[in-house]
There are 2 protein chains.
Amino acid sequence: MAISPEMITQAAIASFAQSDNPRLKQIMQSLVKHLHAFAQETHLTEAEWMAGIQFLTATGHKCDDVRQEFILLSDTLGLSMLLVAMHDGAQSGATEATVLGPFHTPDAPAMASGSDLSNSAPGEPLYVTGRVLSADGKALAHARIDVWQADAEGLYDVQRSELGGNRRARGVVESDAEGNFSFWSVLPEAYPVPTDGPVGQMLVANGRHPWRPAHIHFLIEAQGYQPLVTHIFREGDRYLDTDVVFGVRPSLVGKFVAHKKGNAPDGRVMTEDYWSMDYAFKLQPI
Amino acid sequence: MAISPEMITQAAIASFAQSDNPRLKQIMQSLVKHLHAFAQETHLTEAEWMAGIQFLTATGHKCDDVRQEFILLSDTLGLSMLLVAMHDGAQSGATEATVLGPFHTPDAPAMASGSDLSNSAPGEPLYVTGRVLSADGKALAHARIDVWQADAEGLYDVQRSELGGNRRARGVVESDAEGNFSFWSVLPEAYPVPTDGPVGQMLVANGRHPWRPAHIHFLIEAQGYQPLVTHIFREGDRYLDTDVVFGVRPSLVGKFVAHKKGNAPDGRVMTEDYWSMDYAFKLQPI
C-alpha cells in the first residue's frame with residue numbers, strides 16, 4: 001500500500017512525541033498539523049512550495065540589525081495583532097491595546113507635562129490633553145505616559161539618520177494628582193510600511209496598499225495596573241478601514257479638532273493654525 | 001465592544017480579497033487562516049512569537065548558494081514528503097516516489113550498464129541489479145537510470161571539496177532490451193542532515209535525531225512514462241522507522257545480500273567480501 005499524505009502528517013507529528021519540553025512539543029505538533037493542513041487544502045504544487053522557500057529566504061536575507069522583515073510579515077498577515085487581541089484584557093472597560101511596533105525606544109526624554117515634544121519635527125502643531133484613569137474611572141496620579149509618532153512626512157525620528165540620535169515627536173510625561181497630562185507635538189500623518197523588500201512585493205502581488213493610518217503611540221504605566229500599549233488614530237484618515245497591519249479599533253479613533261491661530265487652551269499664543277486632541281485612557285488593574 | 005481575535009483573522013483574510021491573481025489569493029487566504037488557527041490553538045505568547053521570529057531570521061541567514069536551511073526545515077517538518085505523497089500517482093502499481101533531495105546533479109557521468117560508478121568512494125563493494133518496467137509489468141528498454149548516493153562515511157561527492165568536482169558513487173546507466181540494468185557502487189551508510197544551523201537546534205530542542213537511514217537515490221526516465229524520483233533504503237537500518245525527513249516507505253526497503261569474496265554474478269572476481277541488491281522499478285504511463 002502506498003503511503004498517504006495523512007500518514008506523512010501523522011509521522012511528522014509523532015516525531016515530536018519524545019520531546020521533554022511539553023510546551024515546545026505542543027507548539028511544534030500544532031505547527032506541523034496546521035502547516036500540513038494548509039498544503040493539503042491548497043493542494044500546493046512543488047513550484048508554489050519552491051516560491052515559498054525563496055520568499056522566506058529573501059525575507060531572512062532582508063533582516064539585519066535595523067530591519068526586521070519577518071516581523072513586518074507577521075504584521076501584514078495579521079498575526080501580530082491577533083496575538084495582541086488574544087492577550088488583551090480589555091473586556092472590563094479598559095482602553096484597547098495595539099502592538100508596540102518597531103519604533104519605540106527605551107530612552108525617550110522625560111519632560112514636564114505641557115511641554116512641546118516636537119523638537120522641530122515637520123508638521124502642524126498639535127495640542128494633546130489626556131487623563132489616565134482606572135477601568136472604573138478613578139484618576140491615576142504619577143502615571144508614566146511614553147509617547148512617539150511619525151511627523152508630517154510620515155517618518156519617525158529613528159528613521160532620520162541626520163538627527164544623529166536626537167529625539168523628535170517623542171517623550172515621556174507624567175500625570176498630575178487628577179490623572180491629567182498634556183503635551184504639544186505635531187499632527188501625525190499616514191505612512192507606508194517599508195516596501196523595498198519581499199513583504200512589499202507580497203503586498204503588490206496581492207493588490208494590497210502598504211499604508212498605516214495616521215496615529216500616535218502611547219505606552220502608559222501606573223503602579224498597580226497593567227501597562228497599556230496602544231495607538232490613537234486620526235479621525236477621518238482614508239486608511240482607517242484598511243490599515244495594512246490591522247491595528248485600528250473604533251474605540252481608538254481620536255477626535256482631532258482644527259483651531260485658528262490665537263490663544264491656545266494652555267495660554268500659548270499660536271501664530272499659526274493648530275489642532276487639539278483629547279483622550280481618556282483607562283487601565284486594567286493587575 | 002473590543003475587537004476579538006476572530007475579527008482580526010477575518011480582516012486579514014479579507015485584505016486579500018482584491019487580489020487579481022485567484023490562485024495567489026487562495027493560497028494567501030488559506031495561509032492566514034491556518035497561521036491564525038495555529039496561534040489560537042496554542043494560545044501563543046508574545047515571547048514565543050518572538051522566538052519564532054528569531055528562528056526564522058536565523059534560518060534565513062543560514063541560507064546561501066550552497067545551503068538551503070528553509071528546505072531542510074520543510075524536510076524535517078514533513079512538508080516536503082507531504083507534497084510528494086500528495087502528488088504521487090503511485091496508486092496504480094507504480095513504484096512509490098520520494099524527494100529528489102539536495103544532492104542530485106544534472107551532470108552525472110553516463111556509463112555502460114555494468115560499470116563501476118564508485119570511482120574509489122570509501123565503502124564495501126555493492127553490486128546493484130534492476131529492471132525498469134511499466135506499472136503493468138512490461139519491460140522498458142532504453143530507460144535512463146540516474147543514480148547517486150552517500151559513501152561509507154555518509155558523504156556525497158558534492159560534499160567533498162577535495163574531489164574538485166569529480167564524481168563518485170554517481171552515474172547514469174541505460175536499461176537493455178529486457179529493461180535490465182546493473183552497476184557496481186559501494187554500500188550506502190546512514191548519515192545526519194546538517195546540524196550546524198537553526199534546524200539542527202530545533203531537532204535537539206525536541207529530542208529528535210538528525211539521521212537518514214542508508215539509501216541509494218534513483219531518477220528513472222523512460223519515453224511515455226512519468227519520471228520516477230525515489231530512494232531504495234537499506235534493509236535493517238536502525239533509522240528506517242525514524243527517518244528525520246520522513247522519506248521511508250516499506251515498499252522502498254531493498255534486500256541487501258552479503259556475499260563472501262570470489263566470483264560475482266557478472267563474472268567479476270572479488271578479492272574482498274561484497275553485497276548485492278536487486279530491485280524492479282515500475283513506472284506510471286504519462
# chains A, B, ... in the order shown; residues from 1 in each chain; ligands from 1
>>> residues_around(residues="Ser30 in chain A", least_positions_apart="3", cutoff="10 Å", atoms="only C-alpha atoms", output="number ranges by chain")
A: 13, 24-27, 33-36; B: 37-39, 41-42
>>> residues_around(residues="Val244 in chain A", least_positions_apart="5", cutoff="6 Å", atoms="only C-alpha atoms", output="PyMOL selection string")
chain A and resi 76+210-212
>>> residues_around(residues="range 269-280 of chain B", least_positions_apart="6", cutoff="8 Å", atoms="only C-alpha atoms", output="number ranges by chain")
B: 124-133, 187, 254-263
>>> select_by_dssp(residues="range 40-241 of chain B", states="helix (DSSP H, G or I)", output="short mmCIF file (atom, residue, chain, number, x, y, z; two decimals) with C-alpha atoms, in the first residue's frame")
data_model
loop_
_atom_site.label_atom_id
_atom_site.label_comp_id
_atom_site.auth_asym_id
_atom_site.auth_seq_id
_atom_site.Cartn_x
_atom_site.Cartn_y
_atom_site.Cartn_z
CA GLN B 40 -5.10 30.49 18.66
CA GLU B 41 -4.85 26.75 19.30
CA THR B 42 -1.53 27.12 21.12
CA GLU B 46 4.47 37.22 22.60
CA ALA B 47 7.74 35.72 23.88
CA GLU B 48 7.10 32.51 21.91
CA TRP B 49 6.19 34.56 18.83
CA MET B 50 9.48 36.46 19.18
CA ALA B 51 11.38 33.17 19.50
CA GLY B 52 9.72 32.12 16.24
CA ILE B 53 10.69 35.40 14.54
CA GLN B 54 14.29 34.90 15.67
CA PHE B 55 14.29 31.27 14.49
CA LEU B 56 13.04 32.23 11.02
CA THR B 57 15.56 35.07 10.81
CA ALA B 58 18.45 32.77 11.75
CA THR B 59 17.19 30.20 9.24
CA GLY B 60 17.22 32.84 6.50
CA HIS B 61 20.70 33.99 7.47
CA LYS B 62 21.97 30.37 7.23
CA GLU B 69 18.10 25.81 5.54
CA PHE B 70 14.41 26.52 4.74
CA ILE B 71 14.25 23.38 2.56
CA LEU B 72 15.85 21.47 5.42
CA LEU B 73 13.17 22.92 7.72
CA SER B 74 10.45 21.85 5.27
CA ASP B 75 12.02 18.38 5.10
CA THR B 76 12.26 17.95 8.89
CA LEU B 79 6.18 19.20 4.46
CA SER B 80 8.43 18.14 1.57
CA MET B 81 7.40 14.49 1.80
CA LEU B 82 3.75 15.52 2.24
CA LEU B 83 3.91 17.26 -1.15
CA VAL B 84 5.49 14.18 -2.74
CA ALA B 85 2.75 11.97 -1.29
CA MET B 86 0.04 14.45 -2.40
CA HIS B 87 1.24 14.50 -5.99
CA ALA B 90 1.62 5.54 -7.41
CA GLN B 91 -1.90 4.21 -6.82
CA SER B 92 -1.76 2.09 -9.96
CA ASP B 157 30.76 13.52 -3.66
CA VAL B 158 29.43 17.10 -3.85
CA GLN B 159 30.14 17.47 -0.12
CA SER B 161 35.60 19.74 -1.88
CA GLU B 162 38.84 17.71 -2.19
CA LEU B 163 37.31 15.95 -5.24
CA PRO B 198 18.80 26.56 13.40
CA VAL B 199 17.13 23.39 12.11
CA GLY B 200 19.74 21.30 13.93
CA GLN B 201 18.99 23.27 17.10
CA MET B 202 15.26 22.67 16.57
CA LEU B 203 15.87 18.92 16.33
CA VAL B 204 17.97 18.88 19.51
CA ALA B 205 15.43 21.01 21.42
#
>>> closest_residue(among="B:Ala141, B:Ala135, B:Val172, B:Ala94", to="Asp116 in chain B", atoms="only C-alpha atoms")
B:Val172
>>> residues_around(residues="Arg168 in chain A", least_positions_apart="3", cutoff="12 Å", atoms="only C-alpha atoms", output="count of residues only")
32
>>> residues_around(residues="range 213-228 of chain A", least_positions_apart="4", cutoff="7 Å", atoms="only C-alpha atoms", output="VMD selection string")
chain A and resid 97 143 to 149 188 to 191 232 to 234 237 239 to 240 243 283 to 286
>>> write_last_selection(atoms="C-alpha atoms", output="PDB file, in the first residue's frame")
ATOM      1  CA  ALA A  97      -4.364  47.581  23.159  1.00  0.00           C
ATOM      2  CA  ALA A 143       1.295  57.601  35.633  1.00  0.00           C
ATOM      3  CA  ARG A 144       4.154  57.462  33.104  1.00  0.00           C
ATOM      4  CA  ILE A 145       2.983  58.388  29.576  1.00  0.00           C
ATOM      5  CA  ASP A 146       5.508  57.404  26.882  1.00  0.00           C
ATOM      6  CA  VAL A 147       4.581  58.980  23.517  1.00  0.00           C
ATOM      7  CA  TRP A 148       6.022  58.557  19.989  1.00  0.00           C
ATOM      8  CA  GLN A 149       4.764  59.245  16.487  1.00  0.00           C
ATOM      9  CA  PRO A 188       0.612  62.724  12.651  1.00  0.00           C
ATOM     10  CA  GLU A 189       0.239  61.658   9.025  1.00  0.00           C
ATOM     11  CA  ALA A 190      -0.346  58.298   7.365  1.00  0.00           C
ATOM     12  CA  TYR A 191       2.755  56.440   6.198  1.00  0.00           C
ATOM     13  CA  ILE A 232      -4.777  56.829  18.981  1.00  0.00           C
ATOM     14  CA  PHE A 233      -5.723  57.086  15.293  1.00  0.00           C
ATOM     15  CA  ARG A 234      -6.673  60.248  13.452  1.00  0.00           C
ATOM     16  CA  ASP A 237      -7.913  59.115   7.789  1.00  0.00           C
ATOM     17  CA  TYR A 239      -6.754  54.215   5.636  1.00  0.00           C
ATOM     18  CA  LEU A 240      -8.717  53.663   8.875  1.00  0.00           C
ATOM     19  CA  ASP A 243      -4.649  49.561   7.953  1.00  0.00           C
ATOM     20  CA  LEU A 283      -6.008  50.991  32.685  1.00  0.00           C
ATOM     21  CA  GLN A 284      -6.730  47.486  33.890  1.00  0.00           C
ATOM     22  CA  PRO A 285      -5.804  46.594  37.498  1.00  0.00           C
ATOM     23  CA  ILE A 286      -3.091  43.934  37.816  1.00  0.00           C
TER      24      ILE A 286
END
>>> residues_around(residues="Leu77 in chain B", least_positions_apart="6", cutoff="8 Å", atoms="only C-alpha atoms", output="list in words")
Ala12 and Val32 of chain A; Val245 of chain B
>>> closest_residue(among="B:Gly267, B:Pro250, B:Gly101, B:Gly154", to="chain A", atoms="only C-alpha atoms")
B:Pro250
>>> closest_residue(among="B:Arg67, B:His43, B:Arg268, B:Arg170", to="Gly197 in chain B", atoms="only C-alpha atoms")
B:Arg67
>>> atom_distance(atom1="CA of Val193 in chain B", atom2="CA of Asp64 in chain B")
16.4 Å
>>> atom_distance(atom1="CA of Glu153 in chain A", atom2="CA of Asp266 in chain A")
26.9 Å
>>> closest_residue(among="B:Gly247, B:Gly137, B:Asp65, B:Gly207", to="chain A", atoms="only C-alpha atoms")
B:Gly207
>>> atom_distance(atom1="CA of His209 in chain A", atom2="CA of Val66 in chain A")
22.9 Å
